[in-house]
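Source file: start.cif. Holds: mmCIF, N, CA and C atoms.
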data_structure
loop_
_atom_site.label_atom_id
_atom_site.label_comp_id
_atom_site.auth_asym_id
_atom_site.auth_seq_id
_atom_site.Cartn_x
_atom_site.Cartn_y
_atom_site.Cartn_z
N THR A 1 86.68 104.61 113.51
CA THR A 1 86.78 103.74 112.36
C THR A 1 88.22 103.31 112.18
N ASP A 2 88.43 102.01 111.99
CA ASP A 2 89.77 101.45 111.77
C ASP A 2 90.16 101.66 110.31
N THR A 3 91.21 102.43 110.09
CA THR A 3 91.71 102.66 108.73
C THR A 3 93.13 102.15 108.55
N PHE A 4 93.61 101.38 109.53
CA PHE A 4 94.99 100.89 109.50
C PHE A 4 95.03 99.44 109.04
N PRO A 5 95.72 99.18 107.93
CA PRO A 5 95.81 97.79 107.46
C PRO A 5 96.78 96.98 108.31
N PRO A 6 96.61 95.67 108.31
CA PRO A 6 97.57 94.82 109.02
C PRO A 6 98.91 94.80 108.28
N ALA A 7 99.89 94.22 108.92
CA ALA A 7 101.20 94.05 108.29
C ALA A 7 101.08 93.00 107.18
N PRO A 8 101.91 93.09 106.17
CA PRO A 8 101.89 92.06 105.12
C PRO A 8 102.36 90.72 105.67
N PRO A 9 101.89 89.62 105.12
CA PRO A 9 102.41 88.32 105.52
C PRO A 9 103.93 88.27 105.29
N THR A 10 104.61 87.54 106.16
CA THR A 10 106.07 87.44 106.06
C THR A 10 106.49 86.02 105.73
N THR A 11 107.68 85.88 105.29
CA THR A 11 108.31 84.59 105.05
C THR A 11 107.45 83.65 104.21
N LEU A 12 106.92 84.17 103.12
CA LEU A 12 106.14 83.36 102.20
C LEU A 12 107.07 82.35 101.53
N THR A 13 106.72 81.08 101.59
CA THR A 13 107.51 80.03 100.94
C THR A 13 106.62 79.28 99.96
N VAL A 14 107.25 78.64 98.98
CA VAL A 14 106.50 77.98 97.91
C VAL A 14 107.17 76.66 97.56
N ALA A 15 106.35 75.70 97.17
CA ALA A 15 106.85 74.40 96.70
C ALA A 15 105.79 73.82 95.77
N SER A 16 106.23 72.93 94.87
CA SER A 16 105.24 72.29 93.99
C SER A 16 105.57 70.82 93.82
N ILE A 17 104.51 70.05 93.61
CA ILE A 17 104.61 68.63 93.32
C ILE A 17 103.33 68.22 92.60
N ASN A 18 103.46 67.34 91.63
CA ASN A 18 102.30 66.83 90.90
C ASN A 18 101.39 67.94 90.37
N ARG A 19 101.99 68.96 89.78
CA ARG A 19 101.26 70.08 89.20
C ARG A 19 100.32 70.77 90.18
N THR A 20 100.77 70.88 91.41
CA THR A 20 100.09 71.66 92.44
C THR A 20 101.15 72.51 93.13
N VAL A 21 100.90 73.81 93.20
CA VAL A 21 101.80 74.72 93.89
C VAL A 21 101.21 75.00 95.27
N SER A 22 102.05 74.88 96.29
CA SER A 22 101.62 75.14 97.66
C SER A 22 102.39 76.32 98.22
N LEU A 23 101.66 77.21 98.89
CA LEU A 23 102.25 78.37 99.56
C LEU A 23 102.07 78.23 101.06
N PHE A 24 103.05 78.72 101.80
CA PHE A 24 103.01 78.66 103.26
C PHE A 24 103.51 79.98 103.83
N TRP A 25 102.88 80.44 104.91
CA TRP A 25 103.34 81.65 105.60
C TRP A 25 102.85 81.61 107.04
N PRO A 26 103.59 82.26 107.96
CA PRO A 26 103.11 82.32 109.34
C PRO A 26 101.91 83.28 109.44
N LEU A 27 100.97 82.94 110.29
CA LEU A 27 99.80 83.80 110.49
C LEU A 27 100.22 85.12 111.12
N ASN A 28 99.53 86.19 110.74
CA ASN A 28 99.79 87.50 111.34
C ASN A 28 99.43 87.48 112.82
N THR A 29 100.09 88.34 113.58
CA THR A 29 99.84 88.39 115.02
C THR A 29 98.74 89.38 115.40
N GLU A 30 98.33 90.25 114.47
CA GLU A 30 97.26 91.20 114.79
C GLU A 30 95.97 90.43 115.09
N LEU A 31 95.27 90.85 116.10
CA LEU A 31 94.07 90.14 116.53
C LEU A 31 92.88 90.34 115.61
N ASP A 32 92.91 91.39 114.77
CA ASP A 32 91.75 91.67 113.92
C ASP A 32 91.92 91.17 112.48
N VAL A 33 92.91 90.33 112.21
CA VAL A 33 93.08 89.80 110.86
C VAL A 33 91.97 88.78 110.59
N ALA A 34 91.24 89.03 109.51
CA ALA A 34 90.13 88.14 109.13
C ALA A 34 90.57 87.05 108.17
N GLY A 35 91.63 87.31 107.41
CA GLY A 35 92.09 86.31 106.45
C GLY A 35 93.10 86.88 105.50
N TYR A 36 93.34 86.14 104.43
CA TYR A 36 94.40 86.46 103.49
C TYR A 36 93.91 86.34 102.05
N ASN A 37 94.52 87.12 101.19
CA ASN A 37 94.32 86.99 99.75
C ASN A 37 95.62 86.52 99.12
N VAL A 38 95.50 85.69 98.09
CA VAL A 38 96.66 85.20 97.35
C VAL A 38 96.53 85.69 95.91
N TYR A 39 97.60 86.28 95.41
CA TYR A 39 97.63 86.83 94.05
C TYR A 39 98.69 86.10 93.23
N ARG A 40 98.41 85.94 91.93
CA ARG A 40 99.34 85.26 91.04
C ARG A 40 99.55 86.07 89.77
N ALA A 41 100.78 86.03 89.27
CA ALA A 41 101.12 86.63 87.97
C ALA A 41 102.12 85.70 87.31
N GLU A 42 102.42 85.97 86.03
CA GLU A 42 103.37 85.12 85.32
C GLU A 42 104.62 85.86 84.87
N GLU A 43 104.70 87.16 85.13
CA GLU A 43 105.87 87.96 84.76
C GLU A 43 106.32 88.77 85.96
N ILE A 44 107.61 88.80 86.23
CA ILE A 44 108.13 89.54 87.39
C ILE A 44 107.83 91.03 87.30
N ASP A 45 107.79 91.56 86.09
CA ASP A 45 107.53 92.99 85.94
C ASP A 45 106.06 93.27 85.58
N SER A 46 105.17 92.38 86.00
CA SER A 46 103.74 92.55 85.72
C SER A 46 103.20 93.84 86.34
N GLN A 47 102.33 94.48 85.61
CA GLN A 47 101.62 95.65 86.12
C GLN A 47 100.69 95.20 87.25
N PRO A 48 100.32 96.10 88.16
CA PRO A 48 99.42 95.71 89.26
C PRO A 48 98.14 95.03 88.79
N SER A 49 97.60 95.44 87.64
CA SER A 49 96.36 94.84 87.15
C SER A 49 96.55 93.40 86.67
N ALA A 50 97.78 92.97 86.42
CA ALA A 50 98.04 91.61 85.96
C ALA A 50 98.07 90.60 87.10
N TRP A 51 98.17 91.08 88.33
CA TRP A 51 98.14 90.18 89.49
C TRP A 51 96.69 89.80 89.77
N GLN A 52 96.38 88.53 89.58
CA GLN A 52 95.01 88.05 89.76
C GLN A 52 94.83 87.41 91.12
N ARG A 53 93.77 87.84 91.80
CA ARG A 53 93.44 87.21 93.09
C ARG A 53 92.94 85.80 92.81
N ARG A 54 93.50 84.82 93.50
CA ARG A 54 93.20 83.41 93.24
C ARG A 54 92.14 82.83 94.16
N ASN A 55 91.84 83.48 95.26
CA ASN A 55 90.85 82.95 96.21
C ASN A 55 89.58 83.78 96.14
N PRO A 56 88.42 83.13 95.98
CA PRO A 56 87.16 83.89 95.88
C PRO A 56 86.73 84.50 97.21
N GLN A 57 87.14 83.89 98.32
CA GLN A 57 86.82 84.38 99.67
C GLN A 57 88.13 84.48 100.44
N LEU A 58 88.12 85.25 101.52
CA LEU A 58 89.32 85.33 102.35
C LEU A 58 89.74 83.93 102.79
N HIS A 59 91.01 83.69 102.69
CA HIS A 59 91.58 82.40 103.10
C HIS A 59 92.05 82.56 104.55
N THR A 60 91.70 81.63 105.42
CA THR A 60 91.94 81.83 106.85
C THR A 60 93.13 81.06 107.43
N SER A 61 93.79 80.24 106.65
CA SER A 61 94.95 79.52 107.19
C SER A 61 96.24 80.07 106.59
N GLY A 62 97.36 79.55 107.06
CA GLY A 62 98.67 79.98 106.59
C GLY A 62 99.22 79.11 105.48
N SER A 63 98.34 78.45 104.75
CA SER A 63 98.78 77.68 103.59
C SER A 63 97.69 77.73 102.53
N TRP A 64 98.10 77.56 101.29
CA TRP A 64 97.15 77.65 100.18
C TRP A 64 97.69 76.84 99.02
N ARG A 65 96.80 76.20 98.27
CA ARG A 65 97.21 75.36 97.13
C ARG A 65 96.62 75.88 95.83
N ASP A 66 97.44 75.86 94.80
CA ASP A 66 97.01 76.27 93.46
C ASP A 66 97.16 75.06 92.54
N ASP A 67 96.03 74.48 92.15
CA ASP A 67 96.08 73.32 91.26
C ASP A 67 95.67 73.69 89.83
N ARG A 68 95.58 74.96 89.56
CA ARG A 68 95.26 75.44 88.21
C ARG A 68 96.52 76.03 87.59
N VAL A 69 97.49 75.13 87.40
CA VAL A 69 98.77 75.51 86.82
C VAL A 69 99.09 74.60 85.64
N VAL A 70 100.02 75.03 84.82
CA VAL A 70 100.43 74.28 83.63
C VAL A 70 101.90 73.91 83.80
N GLY A 71 102.23 72.66 83.53
CA GLY A 71 103.62 72.21 83.62
C GLY A 71 104.53 73.01 82.71
N GLY A 72 105.72 73.30 83.21
CA GLY A 72 106.70 74.04 82.44
C GLY A 72 106.61 75.55 82.58
N ARG A 73 105.58 76.05 83.21
CA ARG A 73 105.43 77.50 83.40
C ARG A 73 105.92 77.92 84.78
N THR A 74 106.36 79.16 84.85
CA THR A 74 106.76 79.75 86.13
C THR A 74 105.66 80.69 86.59
N TYR A 75 105.30 80.58 87.86
CA TYR A 75 104.26 81.42 88.44
C TYR A 75 104.84 82.22 89.60
N LEU A 76 104.36 83.43 89.73
CA LEU A 76 104.76 84.33 90.81
C LEU A 76 103.58 84.51 91.74
N TYR A 77 103.86 84.54 93.03
CA TYR A 77 102.79 84.66 94.03
C TYR A 77 103.16 85.72 95.06
N ARG A 78 102.13 86.32 95.61
CA ARG A 78 102.27 87.18 96.78
C ARG A 78 100.95 87.13 97.54
N SER A 79 101.00 87.50 98.79
CA SER A 79 99.83 87.39 99.65
C SER A 79 99.63 88.71 100.40
N THR A 80 98.39 88.97 100.79
CA THR A 80 98.07 90.13 101.62
C THR A 80 97.23 89.66 102.80
N ALA A 81 97.26 90.42 103.87
CA ALA A 81 96.40 90.18 105.03
C ALA A 81 95.27 91.21 105.00
N VAL A 82 94.09 90.79 105.43
CA VAL A 82 92.92 91.68 105.45
C VAL A 82 92.32 91.63 106.84
N ASP A 83 92.03 92.82 107.41
CA ASP A 83 91.44 92.83 108.75
C ASP A 83 89.91 92.81 108.67
N ARG A 84 89.28 92.77 109.83
CA ARG A 84 87.82 92.64 109.91
C ARG A 84 87.05 93.81 109.32
N THR A 85 87.70 94.96 109.18
CA THR A 85 87.02 96.10 108.59
C THR A 85 87.34 96.26 107.10
N GLY A 86 88.08 95.29 106.54
CA GLY A 86 88.35 95.29 105.11
C GLY A 86 89.64 95.97 104.69
N ASN A 87 90.44 96.43 105.63
CA ASN A 87 91.73 97.03 105.30
C ASN A 87 92.68 95.94 104.83
N GLU A 88 93.26 96.12 103.64
CA GLU A 88 94.17 95.12 103.08
C GLU A 88 95.61 95.62 103.18
N SER A 89 96.49 94.73 103.61
CA SER A 89 97.90 95.08 103.77
C SER A 89 98.58 95.29 102.43
N GLN A 90 99.78 95.80 102.47
CA GLN A 90 100.65 95.80 101.31
C GLN A 90 100.95 94.33 100.98
N PRO A 91 101.33 94.00 99.77
CA PRO A 91 101.64 92.61 99.44
C PRO A 91 102.94 92.14 100.10
N SER A 92 102.99 90.84 100.30
CA SER A 92 104.21 90.21 100.80
C SER A 92 105.28 90.27 99.72
N ALA A 93 106.45 89.80 100.05
CA ALA A 93 107.49 89.63 99.04
C ALA A 93 107.01 88.60 98.02
N ILE A 94 107.48 88.73 96.81
CA ILE A 94 107.09 87.82 95.73
C ILE A 94 107.92 86.54 95.80
N VAL A 95 107.25 85.41 95.63
CA VAL A 95 107.93 84.12 95.50
C VAL A 95 107.54 83.53 94.15
N SER A 96 108.40 82.67 93.60
CA SER A 96 108.11 82.07 92.30
C SER A 96 108.34 80.58 92.35
N GLU A 97 107.67 79.89 91.45
CA GLU A 97 107.81 78.43 91.34
C GLU A 97 107.61 78.03 89.89
N THR A 98 108.50 77.18 89.39
CA THR A 98 108.35 76.60 88.06
C THR A 98 107.77 75.21 88.23
N VAL A 99 106.66 74.97 87.59
CA VAL A 99 105.94 73.70 87.71
C VAL A 99 106.58 72.67 86.76
N ASN A 100 106.87 71.49 87.28
CA ASN A 100 107.43 70.42 86.45
C ASN A 100 106.47 70.00 85.35
N GLN A 101 107.04 69.55 84.25
CA GLN A 101 106.23 69.07 83.11
C GLN A 101 105.43 67.84 83.46
#
Spell out the structure here as structure tokens.
Amino acid sequence: TDTFPPAPPTTLTVASINRTVSLFWPLNTELDVAGYNVYRAEEIDSQPSAWQRRNPQLHTSGSWRDDRVVGGRTYLYRSTAVDRTGNESQPSAIVSETVNQ
């Protein structure tokens, strides 16, 4: 049984335009990665339970868009990799973006 999670996504970058936040990261090199989860919070010191998963299903590409944002707010994001047996990596480094009004 595989109990080893993949490595966390690296080099997560973020940008926003027209009230849409876009995230980008290189795909993991492990062959058994099934996809990624994206989490969002609004406070840097948020408790783990405050980080909400934004994708209902595993996301399979190295980019993701969040169009459920409010202008003037700052959002924090992090991503995890999940392998075919359901092992989830530690979260990536946190990135933030302030959405224009």
Quick one, how far is CA of Leu31 (chain A) from CA of Ser49 (chain A)? 29.8 Å
Could you work out how far CA of Arg65 (chain A) lies from CA of Ser92 (chain A), giving the answer in Å with one decimal? 16.8 Å
Residues selected by the PyMOL selection byres (((chain A and resi 82 and name CA) around 7) and name CA), written as a PDB file with N, CA and C atoms, in the frame of the given file:
ATOM      1  N   PRO A   6      96.610  95.670 108.310  1.00  0.00           N
ATOM      2  CA  PRO A   6      97.570  94.820 109.020  1.00  0.00           C
ATOM      3  C   PRO A   6      98.910  94.800 108.280  1.00  0.00           C
ATOM      4  N   VAL A  33      92.910  90.330 112.210  1.00  0.00           N
ATOM      5  CA  VAL A  33      93.080  89.800 110.860  1.00  0.00           C
ATOM      6  C   VAL A  33      91.970  88.780 110.590  1.00  0.00           C
ATOM      7  N   ALA A  34      91.240  89.030 109.510  1.00  0.00           N
ATOM      8  CA  ALA A  34      90.130  88.140 109.130  1.00  0.00           C
ATOM      9  C   ALA A  34      90.570  87.050 108.170  1.00  0.00           C
ATOM     10  N   GLY A  35      91.630  87.310 107.410  1.00  0.00           N
ATOM     11  CA  GLY A  35      92.090  86.310 106.450  1.00  0.00           C
ATOM     12  C   GLY A  35      93.100  86.880 105.500  1.00  0.00           C
ATOM     13  N   TYR A  36      93.340  86.140 104.430  1.00  0.00           N
ATOM     14  CA  TYR A  36      94.400  86.460 103.490  1.00  0.00           C
ATOM     15  C   TYR A  36      93.910  86.340 102.050  1.00  0.00           C
ATOM     16  N   THR A  80      98.390  88.970 100.790  1.00  0.00           N
ATOM     17  CA  THR A  80      98.070  90.130 101.620  1.00  0.00           C
ATOM     18  C   THR A  80      97.230  89.660 102.800  1.00  0.00           C
ATOM     19  N   ALA A  81      97.260  90.420 103.870  1.00  0.00           N
ATOM     20  CA  ALA A  81      96.400  90.180 105.030  1.00  0.00           C
ATOM     21  C   ALA A  81      95.270  91.210 105.000  1.00  0.00           C
ATOM     22  N   ASP A  83      92.030  92.820 107.410  1.00  0.00           N
ATOM     23  CA  ASP A  83      91.440  92.830 108.750  1.00  0.00           C
ATOM     24  C   ASP A  83      89.910  92.810 108.670  1.00  0.00           C
ATOM     25  N   ARG A  84      89.280  92.770 109.830  1.00  0.00           N
ATOM     26  CA  ARG A  84      87.820  92.640 109.910  1.00  0.00           C
ATOM     27  C   ARG A  84      87.050  93.810 109.320  1.00  0.00           C
ATOM     28  N   GLY A  86      88.080  95.290 106.540  1.00  0.00           N
ATOM     29  CA  GLY A  86      88.350  95.290 105.110  1.00  0.00           C
ATOM     30  C   GLY A  86      89.640  95.970 104.690  1.00  0.00           C
ATOM     31  N   ASN A  87      90.440  96.430 105.630  1.00  0.00           N
ATOM     32  CA  ASN A  87      91.730  97.030 105.300  1.00  0.00           C
ATOM     33  C   ASN A  87      92.680  95.940 104.830  1.00  0.00           C
ATOM     34  N   GLU A  88      93.260  96.120 103.640  1.00  0.00           N
ATOM     35  CA  GLU A  88      94.170  95.120 103.080  1.00  0.00           C
ATOM     36  C   GLU A  88      95.610  95.620 103.180  1.00  0.00           C
ATOM     37  N   SER A  89      96.490  94.730 103.610  1.00  0.00           N
ATOM     38  CA  SER A  89      97.900  95.080 103.770  1.00  0.00           C
ATOM     39  C   SER A  89      98.580  95.290 102.430  1.00  0.00           C
TER      40      SER A  89
END
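Straight-line separation from atom N of Thr13 (chain A) to atom N of Pro26 (chain A): 7.2 Å.
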All strand (DSSP E) residues (DSSP, backbone) inside region 64-100 of chain A, as a list in words: Trp64, Arg65, Asp66, Thr74, Tyr75, Leu76, Tyr77, Arg78, Ser79, Thr80, Ala81, Val82, Asp83, Val95, Ser96, Glu97 and Thr98 of chain A
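Under the PyMOL selection byres ((chain A and resi 76) around 6.5), the matching residues in the shown file are Tyr39, Arg40, Ala41, Glu42, Glu43, Thr74, Tyr75, Tyr77, Arg78, Ile94, Val95, Ser96 and Glu97 of chain A.
Here the PyMOL selection byres ((chain A and resi 9) around 6.5) captures the residues Ala7, Pro8, Thr10, Thr11, Leu12, Pro26, Asn28, Ser79, Thr80, Ala81, Gln90, Pro91, Ser92 and Ala93 of chain A.
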Just want the 8 Å neighbourhood of Asn55 (chain A), counted on all atoms listed in the file, with same-chain residues fewer than 2 positions away dropped. Output as JSON, numbers by chain. {"A": [36, 37, 38, 39, 40, 52, 53, 57, 58, 59]}
Padding 5 Å on each side, edges along x, y and z: where is the centre of the box around the listed atoms of region 92-101 of chain A, and how long are its edges in Å to one decimal? Output it as lines of an AutoDock Vina configuration file.
center_x = 105.7
center_y = 79.3
center_z = 92.0
size_x = 15.5
size_y = 33.0
size_z = 27.7
Counting only N, CA and C atoms, what is within 8 Å of Ala15 (chain A), bar same-chain residues fewer than 6 positions away, as number ranges by chain? A: 21-24, 96-98
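With only N, CA and C atoms as the atoms that count, the residue of A:Ala50, A:Gln101, A:Val14, A:Phe4 with the shortest distance to Gly71 (chain A) is A:Gln101.
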If I only have part of region 48-59 of chain A, can you fill in all heavy atoms and write it as a PDB file, keeping the file's coordinate frame?
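Generated file (result-v1.pdb):
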ATOM      1  N   PRO A  48     100.320  96.100  88.160  1.00  0.00           N
ATOM      2  CA  PRO A  48      99.420  95.710  89.260  1.00  0.00           C
ATOM      3  C   PRO A  48      98.140  95.030  88.790  1.00  0.00           C
ATOM      4  O   PRO A  48      97.655  94.097  89.428  1.00  0.00           O
ATOM      5  CB  PRO A  48      99.116  97.044  89.948  1.00  0.00           C
ATOM      6  CG  PRO A  48     100.328  97.873  89.681  1.00  0.00           C
ATOM      7  CD  PRO A  48     100.773  97.484  88.279  1.00  0.00           C
ATOM      8  N   SER A  49      97.600  95.440  87.640  1.00  0.00           N
ATOM      9  CA  SER A  49      96.360  94.840  87.150  1.00  0.00           C
ATOM     10  C   SER A  49      96.550  93.400  86.670  1.00  0.00           C
ATOM     11  O   SER A  49      95.573  92.663  86.526  1.00  0.00           O
ATOM     12  CB  SER A  49      95.790  95.688  86.012  1.00  0.00           C
ATOM     13  OG  SER A  49      96.715  95.748  84.935  1.00  0.00           O
ATOM     14  N   ALA A  50      97.780  92.970  86.420  1.00  0.00           N
ATOM     15  CA  ALA A  50      98.040  91.610  85.960  1.00  0.00           C
ATOM     16  C   ALA A  50      98.070  90.600  87.100  1.00  0.00           C
ATOM     17  O   ALA A  50      97.993  89.396  86.870  1.00  0.00           O
ATOM     18  CB  ALA A  50      99.367  91.548  85.200  1.00  0.00           C
ATOM     19  N   TRP A  51      98.170  91.080  88.330  1.00  0.00           N
ATOM     20  CA  TRP A  51      98.140  90.180  89.490  1.00  0.00           C
ATOM     21  C   TRP A  51      96.690  89.800  89.770  1.00  0.00           C
ATOM     22  O   TRP A  51      95.881  90.642  90.122  1.00  0.00           O
ATOM     23  CB  TRP A  51      98.762  90.865  90.709  1.00  0.00           C
ATOM     24  CG  TRP A  51     100.238  90.955  90.623  1.00  0.00           C
ATOM     25  CD1 TRP A  51     100.960  91.964  90.054  1.00  0.00           C
ATOM     26  CD2 TRP A  51     101.172  89.982  91.078  1.00  0.00           C
ATOM     27  NE1 TRP A  51     102.300  91.679  90.150  1.00  0.00           N
ATOM     28  CE2 TRP A  51     102.466  90.471  90.775  1.00  0.00           C
ATOM     29  CE3 TRP A  51     101.054  88.759  91.724  1.00  0.00           C
ATOM     30  CZ2 TRP A  51     103.613  89.770  91.095  1.00  0.00           C
ATOM     31  CZ3 TRP A  51     102.201  88.053  92.044  1.00  0.00           C
ATOM     32  CH2 TRP A  51     103.459  88.560  91.731  1.00  0.00           C
ATOM     33  N   GLN A  52      96.380  88.530  89.580  1.00  0.00           N
ATOM     34  CA  GLN A  52      95.010  88.050  89.760  1.00  0.00           C
ATOM     35  C   GLN A  52      94.830  87.410  91.120  1.00  0.00           C
ATOM     36  O   GLN A  52      95.622  86.557  91.532  1.00  0.00           O
ATOM     37  CB  GLN A  52      94.673  87.027  88.684  1.00  0.00           C
ATOM     38  CG  GLN A  52      94.703  87.595  87.289  1.00  0.00           C
ATOM     39  CD  GLN A  52      94.377  86.539  86.260  1.00  0.00           C
ATOM     40  OE1 GLN A  52      94.468  85.343  86.489  1.00  0.00           O
ATOM     41  NE2 GLN A  52      93.993  86.988  85.077  1.00  0.00           N
ATOM     42  N   ARG A  53      93.770  87.840  91.800  1.00  0.00           N
ATOM     43  CA  ARG A  53      93.440  87.210  93.090  1.00  0.00           C
ATOM     44  C   ARG A  53      92.940  85.800  92.810  1.00  0.00           C
ATOM     45  O   ARG A  53      92.072  85.596  91.958  1.00  0.00           O
ATOM     46  CB  ARG A  53      92.373  88.024  93.814  1.00  0.00           C
ATOM     47  CG  ARG A  53      92.170  87.539  95.231  1.00  0.00           C
ATOM     48  CD  ARG A  53      91.324  88.512  95.988  1.00  0.00           C
ATOM     49  NE  ARG A  53      90.107  87.824  96.367  1.00  0.00           N
ATOM     50  CZ  ARG A  53      89.117  88.366  97.027  1.00  0.00           C
ATOM     51  NH1 ARG A  53      89.162  89.639  97.358  1.00  0.00           N
ATOM     52  NH2 ARG A  53      88.056  87.672  97.324  1.00  0.00           N
ATOM     53  N   ARG A  54      93.500  84.820  93.500  1.00  0.00           N
ATOM     54  CA  ARG A  54      93.200  83.410  93.240  1.00  0.00           C
ATOM     55  C   ARG A  54      92.140  82.830  94.160  1.00  0.00           C
ATOM     56  O   ARG A  54      91.600  81.773  93.880  1.00  0.00           O
ATOM     57  CB  ARG A  54      94.475  82.576  93.349  1.00  0.00           C
ATOM     58  CG  ARG A  54      95.606  83.056  92.446  1.00  0.00           C
ATOM     59  CD  ARG A  54      95.233  83.080  90.987  1.00  0.00           C
ATOM     60  NE  ARG A  54      94.951  81.737  90.526  1.00  0.00           N
ATOM     61  CZ  ARG A  54      94.386  81.442  89.376  1.00  0.00           C
ATOM     62  NH1 ARG A  54      94.031  82.395  88.564  1.00  0.00           N
ATOM     63  NH2 ARG A  54      94.170  80.200  89.041  1.00  0.00           N
ATOM     64  N   ASN A  55      91.840  83.480  95.260  1.00  0.00           N
ATOM     65  CA  ASN A  55      90.850  82.950  96.210  1.00  0.00           C
ATOM     66  C   ASN A  55      89.580  83.780  96.140  1.00  0.00           C
ATOM     67  O   ASN A  55      89.628  85.000  96.232  1.00  0.00           O
ATOM     68  CB  ASN A  55      91.417  82.938  97.640  1.00  0.00           C
ATOM     69  CG  ASN A  55      91.995  84.275  98.044  1.00  0.00           C
ATOM     70  OD1 ASN A  55      92.888  84.791  97.388  1.00  0.00           O
ATOM     71  ND2 ASN A  55      91.492  84.844  99.122  1.00  0.00           N
ATOM     72  N   PRO A  56      88.420  83.130  95.980  1.00  0.00           N
ATOM     73  CA  PRO A  56      87.160  83.890  95.880  1.00  0.00           C
ATOM     74  C   PRO A  56      86.730  84.500  97.210  1.00  0.00           C
ATOM     75  O   PRO A  56      86.042  85.512  97.241  1.00  0.00           O
ATOM     76  CB  PRO A  56      86.156  82.855  95.391  1.00  0.00           C
ATOM     77  CG  PRO A  56      86.739  81.542  95.768  1.00  0.00           C
ATOM     78  CD  PRO A  56      88.230  81.710  95.764  1.00  0.00           C
ATOM     79  N   GLN A  57      87.140  83.890  98.320  1.00  0.00           N
ATOM     80  CA  GLN A  57      86.820  84.380  99.670  1.00  0.00           C
ATOM     81  C   GLN A  57      88.130  84.480 100.440  1.00  0.00           C
ATOM     82  O   GLN A  57      89.113  83.839 100.076  1.00  0.00           O
ATOM     83  CB  GLN A  57      85.887  83.423 100.390  1.00  0.00           C
ATOM     84  CG  GLN A  57      84.572  83.208  99.700  1.00  0.00           C
ATOM     85  CD  GLN A  57      83.761  82.119 100.389  1.00  0.00           C
ATOM     86  OE1 GLN A  57      84.014  81.769 101.529  1.00  0.00           O
ATOM     87  NE2 GLN A  57      82.787  81.590  99.686  1.00  0.00           N
ATOM     88  N   LEU A  58      88.120  85.250 101.520  1.00  0.00           N
ATOM     89  CA  LEU A  58      89.320  85.330 102.350  1.00  0.00           C
ATOM     90  C   LEU A  58      89.740  83.930 102.790  1.00  0.00           C
ATOM     91  O   LEU A  58      88.902  83.127 103.199  1.00  0.00           O
ATOM     92  CB  LEU A  58      89.084  86.203 103.570  1.00  0.00           C
ATOM     93  CG  LEU A  58      89.041  87.701 103.341  1.00  0.00           C
ATOM     94  CD1 LEU A  58      88.787  88.423 104.653  1.00  0.00           C
ATOM     95  CD2 LEU A  58      90.319  88.200 102.699  1.00  0.00           C
ATOM     96  N   HIS A  59      91.010  83.690 102.690  1.00  0.00           N
ATOM     97  CA  HIS A  59      91.580  82.400 103.100  1.00  0.00           C
ATOM     98  C   HIS A  59      92.050  82.560 104.550  1.00  0.00           C
ATOM     99  O   HIS A  59      92.740  83.527 104.867  1.00  0.00           O
ATOM    100  CB  HIS A  59      92.745  82.042 102.172  1.00  0.00           C
ATOM    101  CG  HIS A  59      93.216  80.664 102.321  1.00  0.00           C
ATOM    102  ND1 HIS A  59      92.486  79.582 101.901  1.00  0.00           N
ATOM    103  CD2 HIS A  59      94.339  80.175 102.876  1.00  0.00           C
ATOM    104  CE1 HIS A  59      93.154  78.482 102.180  1.00  0.00           C
ATOM    105  NE2 HIS A  59      94.277  78.814 102.768  1.00  0.00           N
TER     106      HIS A  59
END
